[in-house]
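Text of the file data17.txt, holding compact mmCIF, C-alpha atoms:
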# COMPACT_ATOMS: atom_id res chain seq x y z
CA MET A 1 92.42 86.18 63.59
CA ASP A 2 95.76 87.92 63.21
CA ALA A 3 95.50 91.30 61.49
CA ASN A 4 99.29 91.45 61.06
CA VAL A 5 99.31 88.25 59.02
CA VAL A 6 96.41 89.49 56.88
CA ALA A 7 98.28 92.76 56.21
CA GLU A 8 101.56 90.95 55.39
CA LEU A 9 99.85 88.59 52.96
CA GLU A 10 97.92 91.37 51.25
CA LYS A 11 101.14 93.39 50.91
CA ALA A 12 102.75 90.37 49.19
CA GLY A 13 99.86 90.15 46.71
CA VAL A 14 97.99 87.27 48.35
CA LYS A 15 94.22 87.63 48.28
CA VAL A 16 93.01 86.44 51.68
CA GLU A 17 89.25 86.83 51.07
CA ASP A 18 89.00 83.28 49.75
CA PRO A 19 91.03 80.77 51.83
CA MET A 20 90.04 78.05 49.34
CA ARG A 21 92.55 79.56 46.91
CA LEU A 22 95.44 79.22 49.39
CA PHE A 23 97.60 76.30 50.48
CA ILE A 24 100.89 75.55 52.19
CA PRO A 25 103.42 74.38 49.56
CA VAL A 26 106.10 71.78 50.28
CA GLU A 27 109.54 73.24 50.81
CA ARG A 28 112.76 71.26 50.58
CA ASP A 29 116.26 71.73 51.94
CA GLU A 30 119.48 71.76 49.90
CA GLN A 31 119.54 67.93 49.85
CA GLY A 32 115.99 67.76 48.52
CA GLN A 33 114.49 66.55 51.80
CA VAL A 34 111.10 67.91 52.88
CA LYS A 35 111.51 70.68 55.42
CA PRO A 36 108.98 70.63 58.25
CA VAL A 37 107.14 73.93 58.64
CA GLY A 38 108.05 76.01 61.67
CA ASP A 39 106.96 79.49 62.70
CA GLU A 40 107.78 80.96 59.28
CA VAL A 41 105.16 79.50 56.93
CA PRO A 42 105.04 79.57 53.12
CA VAL A 43 101.64 80.50 51.73
CA ARG A 44 100.85 79.93 48.06
CA PHE A 45 98.26 81.89 46.13
CA GLY A 46 98.43 81.13 42.40
CA ASP A 47 102.00 81.90 41.37
CA VAL A 48 102.71 83.98 44.48
CA THR A 49 104.41 82.45 47.50
CA ALA A 50 104.70 84.59 50.60
CA HIS A 51 106.33 83.69 53.90
CA VAL A 52 104.62 84.83 57.10
CA ARG A 53 105.25 84.22 60.77
CA LEU A 54 102.21 82.52 62.30
CA GLN A 55 101.28 82.25 65.94
CA PRO A 56 100.57 78.92 67.65
CA ILE A 57 97.04 77.62 67.21
CA SER A 58 96.18 78.06 70.89
CA ALA A 59 97.03 81.78 70.63
CA LEU A 60 94.67 82.22 67.66
CA TRP A 61 91.44 80.84 69.13
CA THR A 62 88.79 83.56 69.26
CA GLY A 63 85.54 83.60 71.16
CA ASN A 64 83.47 80.67 72.35
CA LYS A 65 81.27 79.90 69.35
CA GLN A 66 80.03 76.33 69.31
CA PRO A 67 80.38 74.32 66.09
CA PRO A 68 77.45 72.67 64.35
CA ASP A 69 76.95 68.93 64.34
CA PHE A 70 79.55 67.68 61.88
CA THR A 71 78.16 64.15 61.64
CA ARG A 72 76.44 64.94 58.35
CA PRO A 73 77.42 67.47 55.71
CA PRO A 74 76.86 70.04 54.37
CA PHE A 75 78.55 72.68 56.50
CA PRO A 76 79.25 75.47 53.98
CA GLU A 77 80.45 77.98 56.60
CA TYR A 78 83.33 75.62 57.46
CA GLU A 79 84.09 74.44 53.91
CA PRO A 80 87.03 76.84 53.42
CA PHE A 81 88.62 75.60 56.66
CA PHE A 82 88.32 71.95 55.63
CA PHE A 83 89.43 72.76 52.09
CA LEU A 84 92.59 74.61 53.15
CA ILE A 85 93.72 71.71 55.33
CA GLU A 86 92.80 69.03 52.79
CA ALA A 87 94.33 70.94 49.86
CA THR A 88 97.55 71.18 51.83
CA ALA A 89 97.41 67.45 52.65
CA ALA A 90 96.73 66.50 49.03
CA GLY A 91 99.42 68.84 47.74
CA PHE A 92 101.94 67.43 50.19
CA CYS A 93 101.24 63.87 49.06
CA ARG A 94 101.37 64.85 45.40
CA ASP A 95 104.62 66.81 45.78
CA THR A 96 106.34 64.08 47.81
CA ARG A 97 104.92 61.35 45.54
CA HIS A 98 103.84 59.46 48.64
CA ALA A 99 100.20 58.70 49.37
CA GLU A 100 99.83 58.48 53.13
CA VAL A 101 97.66 55.59 54.24
CA ASP A 102 94.26 56.23 55.76
CA GLN A 103 95.41 55.14 59.21
CA GLU A 104 98.25 57.71 59.15
CA PHE A 105 95.91 60.51 58.08
CA SER A 106 93.53 59.54 60.86
CA GLN A 107 96.35 59.58 63.41
CA LEU A 108 97.69 62.94 62.18
CA TYR A 109 94.27 64.60 62.38
CA ARG A 110 93.67 63.13 65.82
CA HIS A 111 97.06 64.46 66.93
CA LEU A 112 96.12 67.87 65.52
CA ALA A 113 92.90 67.88 67.57
CA ARG A 114 94.62 66.76 70.77
CA ARG A 115 97.96 68.57 70.50
CA PRO A 116 97.45 71.44 68.06
CA ASP A 117 100.72 73.13 68.99
CA GLY A 118 102.62 69.85 69.24
CA HIS A 119 104.98 68.09 66.89
CA HIS A 120 104.93 64.74 65.12
CA LYS A 121 107.61 62.63 63.45
CA ASN A 122 105.74 62.77 60.13
CA PRO A 123 106.57 66.11 58.43
CA LEU A 124 103.05 66.16 56.95
CA PHE A 125 101.80 67.07 60.43
CA SER A 126 103.69 70.37 60.37
CA TYR A 127 101.98 71.21 57.07
CA LEU A 128 98.51 70.31 58.39
CA ARG A 129 99.18 72.39 61.50
CA ALA A 130 100.45 75.28 59.34
CA ALA A 131 97.27 75.17 57.21
CA ALA A 132 95.15 75.33 60.38
CA ARG A 133 97.30 78.18 61.74
CA LEU A 134 96.89 80.07 58.48
CA TYR A 135 93.11 79.70 58.52
CA LEU A 136 92.92 80.79 62.14
CA SER A 137 95.06 83.80 61.23
CA LEU A 138 92.50 84.81 58.58
CA ARG A 139 89.21 84.05 60.35
CA ASP A 140 87.82 84.05 63.88
CA VAL A 141 87.60 80.44 65.09
CA SER A 142 86.90 79.25 68.63
CA GLN A 143 88.71 76.37 70.29
CA ALA A 144 85.54 74.28 70.09
CA GLU A 145 85.21 74.93 66.36
CA PHE A 146 88.85 74.07 65.71
CA GLU A 147 88.64 70.84 67.70
CA ALA A 148 85.41 69.86 65.93
CA VAL A 149 86.96 70.43 62.49
CA ALA A 150 90.09 68.43 63.37
CA GLN A 151 87.95 65.65 64.87
CA ARG A 152 85.75 65.56 61.75
CA LEU A 153 88.86 65.20 59.57
CA HIS A 154 90.04 62.37 61.83
CA GLN A 155 86.69 60.61 61.50
CA SER A 156 86.64 61.09 57.73
CA ALA A 157 90.07 59.50 57.29
CA LYS A 158 89.11 56.71 59.67
CA LEU A 159 85.87 56.00 57.79
CA HIS A 160 87.70 55.83 54.45
CA ALA A 161 90.04 53.13 55.75
CA GLY A 162 89.17 49.94 53.95
CA HIS A 163 92.12 47.88 55.19
CA ILE A 164 95.61 48.32 56.57
CA GLY A 165 97.58 50.15 53.93
CA SER A 166 94.55 51.57 52.11
CA THR A 167 94.82 55.05 50.61
CA ASN A 168 91.11 55.64 50.08
CA TYR A 169 91.12 58.97 51.96
CA PHE A 170 94.05 60.19 49.89
CA GLN A 171 92.29 59.21 46.66
CA ALA A 172 89.11 61.02 47.75
CA VAL A 173 91.07 64.14 48.69
CA LEU A 174 92.90 64.16 45.35
CA ARG A 175 89.76 63.69 43.31
CA GLN A 176 87.69 66.27 45.18
CA VAL A 177 90.27 68.86 46.19
CA LEU A 178 92.79 68.81 43.33
CA GLY A 179 90.39 67.62 40.67
CA ALA A 180 92.71 64.73 39.72
Kindly present the structure from the file in structure tokens form.
Amino acid sequence: MDANVVAELEKAGVKVEDPMRLFIPVERDEQGQVKPVGDEVPVRFGDVTAHVRLQPISALWTGNKQPPDFTRPPFPEYEPFFFLIEATAAGFCRDTRHAEVDQEFSQLYRHLARRPDGHHKNPLFSYLRAAARLYLSLRDVSQAEFEAVAQRLHQSAKLHAGHIGSTNYFQAVLRQVLGA
């Protein structure tokens, strides 16, 4: 948790009590190209967008709490964490009008689990990483919990893959997260 981020967001009018009402919006440069998210992260809450400087994921891990078995839902305690990442993923795909294929989602989540402070050629990765960084700035999360959540997202995308080029995971995220 990062008390400075919580204070900055609250000062900007962002209610941080419910992370399921937050997401990382897509930002574009002057040419209309998607800008990858760096240290300064946009956070959307309703009509309010605030920019905050977030620490790397590895600097935000707190404690040594062990995660539950994520092989079968439900896991209500972790629902806001999953939701923030998936809402960001769904919003990115909607805003860019490009549904990432299941295999790409699986790879991005696996990369997030293995190299949480790393980079990836797909700009969506920076948004997924920013969503995780935001959640870890708002709540205490151990390294084991973070890795388990990222691994569960990887498995979910992988399980949705029906064939090369399928967008089943994307469709499930849109229907469930955005209500589309």
Take the point (101.0, 88.7, 44.0) in the file's coordinates, draw a sphere of radius 10 Å around it, and report as a PyMOL selection string every protein, DNA or RNA residue with an atom inside or on it, counting only C-alpha atoms. chain A and resi 9-15+44-50
Using all atoms listed in the file for the distances, tell me which of A:Lys35, A:Arg97, A:Arg28, A:Arg110 is nearest to Ala148 in chain A.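 Checking each of A:Lys35, A:Arg97, A:Arg28, A:Arg110 against Ala148 in chain A, counting all atoms listed in the file, the winner is A:Arg110.
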My list of candidates is A:Leu124, A:Ala90, A:Val5, A:Leu108. Which is closest to Glu27 in chain A when distances are computed with all atoms listed in the file?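 Smallest distance to Glu27 in chain A is found for A:Leu124.
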Here's a test: counting all atoms listed in the file, identify every protein, DNA and RNA residue with an atom at most 8 Å from (80.3, 79.2, 69.9) in the file's coordinate frame, and state them as JSON, numbers by chain. {"A": [63, 64, 65, 66, 67, 142, 144, 145]}
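Among the candidates A:Pro80, A:Gly38, A:Pro68, A:Gly91, the residue lying nearest to Gly118 in chain A is A:Gly38 (atoms considered: only C-alpha atoms).
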Calculate how many Å separate CA of Thr167 in chain A from CA of Ala130 in chain A, rounding to one decimal.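 Separation between CA of Thr167 in chain A and CA of Ala130 in chain A: 22.7 Å.
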Residue nearest Gln155 in chain A among A:Ala113, A:Ile57, A:Val16, A:Val6 (counting all atoms listed in the file): A:Ala113
Between CA of Arg115 in chain A and CA of Pro36 in chain A, what is the distance in Å, rounded to a tenth?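 If I compute the distance from CA of Arg115 in chain A to CA of Pro36 in chain A, I get 16.6 Å.
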Which one of A:Leu60, A:Ala89, A:Val101, A:Val34 sits closest to Gly162 in chain A if you count only C-alpha atoms? A:Val101
Quick one: residues within 10 Å of range 102-105 of chain A, all atoms listed in the file, excluding same-chain residues fewer than 5 positions away - as a list in words?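 Contacts, with the query itself left out: Ala89, Arg110, His111, Asn122, Leu124, Phe125, Leu153, His154, Gln155, Ser156, Ala157, Lys158, Leu159, His160, Ala161, Gly162, His163, Ile164, Gly165, Ser166, Thr167, Asn168, Tyr169, Phe170 and Gln171 of chain A.
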